[in-house]
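This report concerns only the one structure given below.
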Amino acid sequence: MKHWVGRKVVVDNGGPYQTKRYGTLIRWNDKEQYIVLSPGGVRIAMKDIMSIREIEILPQESRQAAGRPNSIGYIVKTMRQFEHAVLFRSAMMIWEGDRLLAAKAHLIKHNDQTVTLEDGTVLVKKEYLFVVRSFRG
């Protein structure tokens, strides 16, 4: 199972609280039956592991990338940001590549793959760039 070393993973203990730990697996010790995740050097006993899944990006990495501002506002990337855009009726710019589709659109709902605008237009998240218009200062 050492093929997991160096990969970004989520480790689930499957207990009553369904604890999930995210990190890069840096050590797999078969002899002493534990693994170590970074950052933090978290040591997890193999008896406490129900499953290990590889993930593309760690939650802490997406939070750092998600908060990156630009001159007009910030790029919406996470589910929570889309939820806030719907809840607070944030004005958004919607870009398709280098072409501006909407300068001041409002979202009314979204799911994992799509967003729905006020006018009923449904857009696929992967194909567009959503920028919340906000003044920073």
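The way I read the labels, and the way they are meant: chains A, B, ... in the order of the structure tokens, residue 1 as the first residue of every chain, and ligand 1 as the first ligand shown, with later ones counted on from there.
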
**Request:** Excluding Glu96 of chain A and any residue of its chain fewer than 4 positions from it, enumerate the residues within 7 Å of it, using only C-alpha atoms, and give them as a ChimeraX atom specification.
**Result:** /A:100-101,127-129

Using C-alpha atoms, can you write the selected residues to a file as a CSV table (one decimal), in the first residue's frame?
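As written to disk, selection01.csv reads:
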chain,number,residue,atom,x,y,z
A,100,LEU,CA,-18.0,38.8,-20.8
A,101,LEU,CA,-21.4,37.1,-20.8
A,127,GLU,CA,-17.2,26.2,-18.6
A,128,TYR,CA,-17.5,29.7,-17.0
A,129,LEU,CA,-15.7,32.0,-14.6

Could you give me, as a Markdown table, a per-residue list for segment 30-100 of chain A showing, wherever an atom lies at most 10 Å from an atom of segment 112-123 of chain A, the closest pair of atoms and their distance in Å to one decimal, using only C-alpha atoms and sorting by chain then residue number from low to high?
| residue | atom | partner | partner_atom | distance |
| --- | --- | --- | --- | --- |
| A:Thr78 | CA | A:Asp112 | CA | 9.7 |
| A:Met79 | CA | A:Asp112 | CA | 7.5 |
| A:Phe82 | CA | A:Val115 | CA | 8.6 |
| A:Val86 | CA | A:Leu117 | CA | 9.6 |
| A:Ile94 | CA | A:Leu123 | CA | 9.8 |

**Picked from segment 27-106 of chain A by DSSP as strand (DSSP E), as an NGL selection string** = :A and (27-29 or 34-38 or 42-45 or 51-54 or 73-75 or 92-96 or 99-105)

**Request:** Step one, run DSSP on the backbone; step two, keep only residues of segment 5-132 of chain A assigned to alpha helix (DSSP H); then write them as a list of chain:residue names.
**Result:**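 Of segment 5-132 of chain A, the ones in alpha helix (DSSP H) are A:Pro59, A:Gln60, A:Glu61, A:Ser62, A:Arg63, A:Gln64, A:Ala65, A:Ala66, A:Met79, A:Arg80, A:Gln81, A:Phe82, A:Glu83, A:His84, A:Ala85, A:Val86, A:Leu87.
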
**Message:** Between A:Arg53, A:Lys77, A:Arg89, A:Arg21, which residue has the minimum interatomic distance to Ala105 of chain A, considering only C-alpha atoms?
**Reply:**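 Using only C-alpha atoms, the shortest distance to Ala105 of chain A belongs to A:Arg89.
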
**Request:** Calculate how many Å separate atom CA of Ile57 of chain A from atom CA of Ala91 of chain A, rounding to one decimal.
**Result:**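 Result for atom CA of Ile57 of chain A versus atom CA of Ala91 of chain A: 27.7 Å, one decimal.
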
**Prompt:** Do you have the atom CA of Gln33 of chain A-atom CA of Asn13 of chain A distance handy?
**Reply:** 14.6 Å

**Asked** Quick one: distance from atom CA of Thr19 of chain A to atom CA of Arg80 of chain A in Å, one decimal?
**Response**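 According to the coordinates, atom CA of Thr19 of chain A and atom CA of Arg80 of chain A are separated by 20.3 Å.
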
**Message:** Ranking A:Trp95, A:Phe130, A:Phe88, A:Tyr22 by minimum distance to Ile75 of chain A and counting only C-alpha atoms, which one comes first?
**Reply:**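 Checking each of A:Trp95, A:Phe130, A:Phe88, A:Tyr22 against Ile75 of chain A, counting only C-alpha atoms, the winner is A:Phe130.
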
**Selected residue of minimal separation from Ala103 of chain A among A:Val132, A:Asn29, A:Glu83, A:Lys126, counting only C-alpha atoms** =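 Closest residue, counting only C-alpha atoms: A:Val132.
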
**Message:** Let me make sure I understand: among A:Leu25, A:Ile108, A:Ala85, A:Met92, which one has the smallest atom-to-atom distance to Ile55 of chain A if we use only C-alpha atoms?
**Reply:**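 Nearest candidate to Ile55 of chain A out of A:Leu25, A:Ile108, A:Ala85, A:Met92: A:Leu25.
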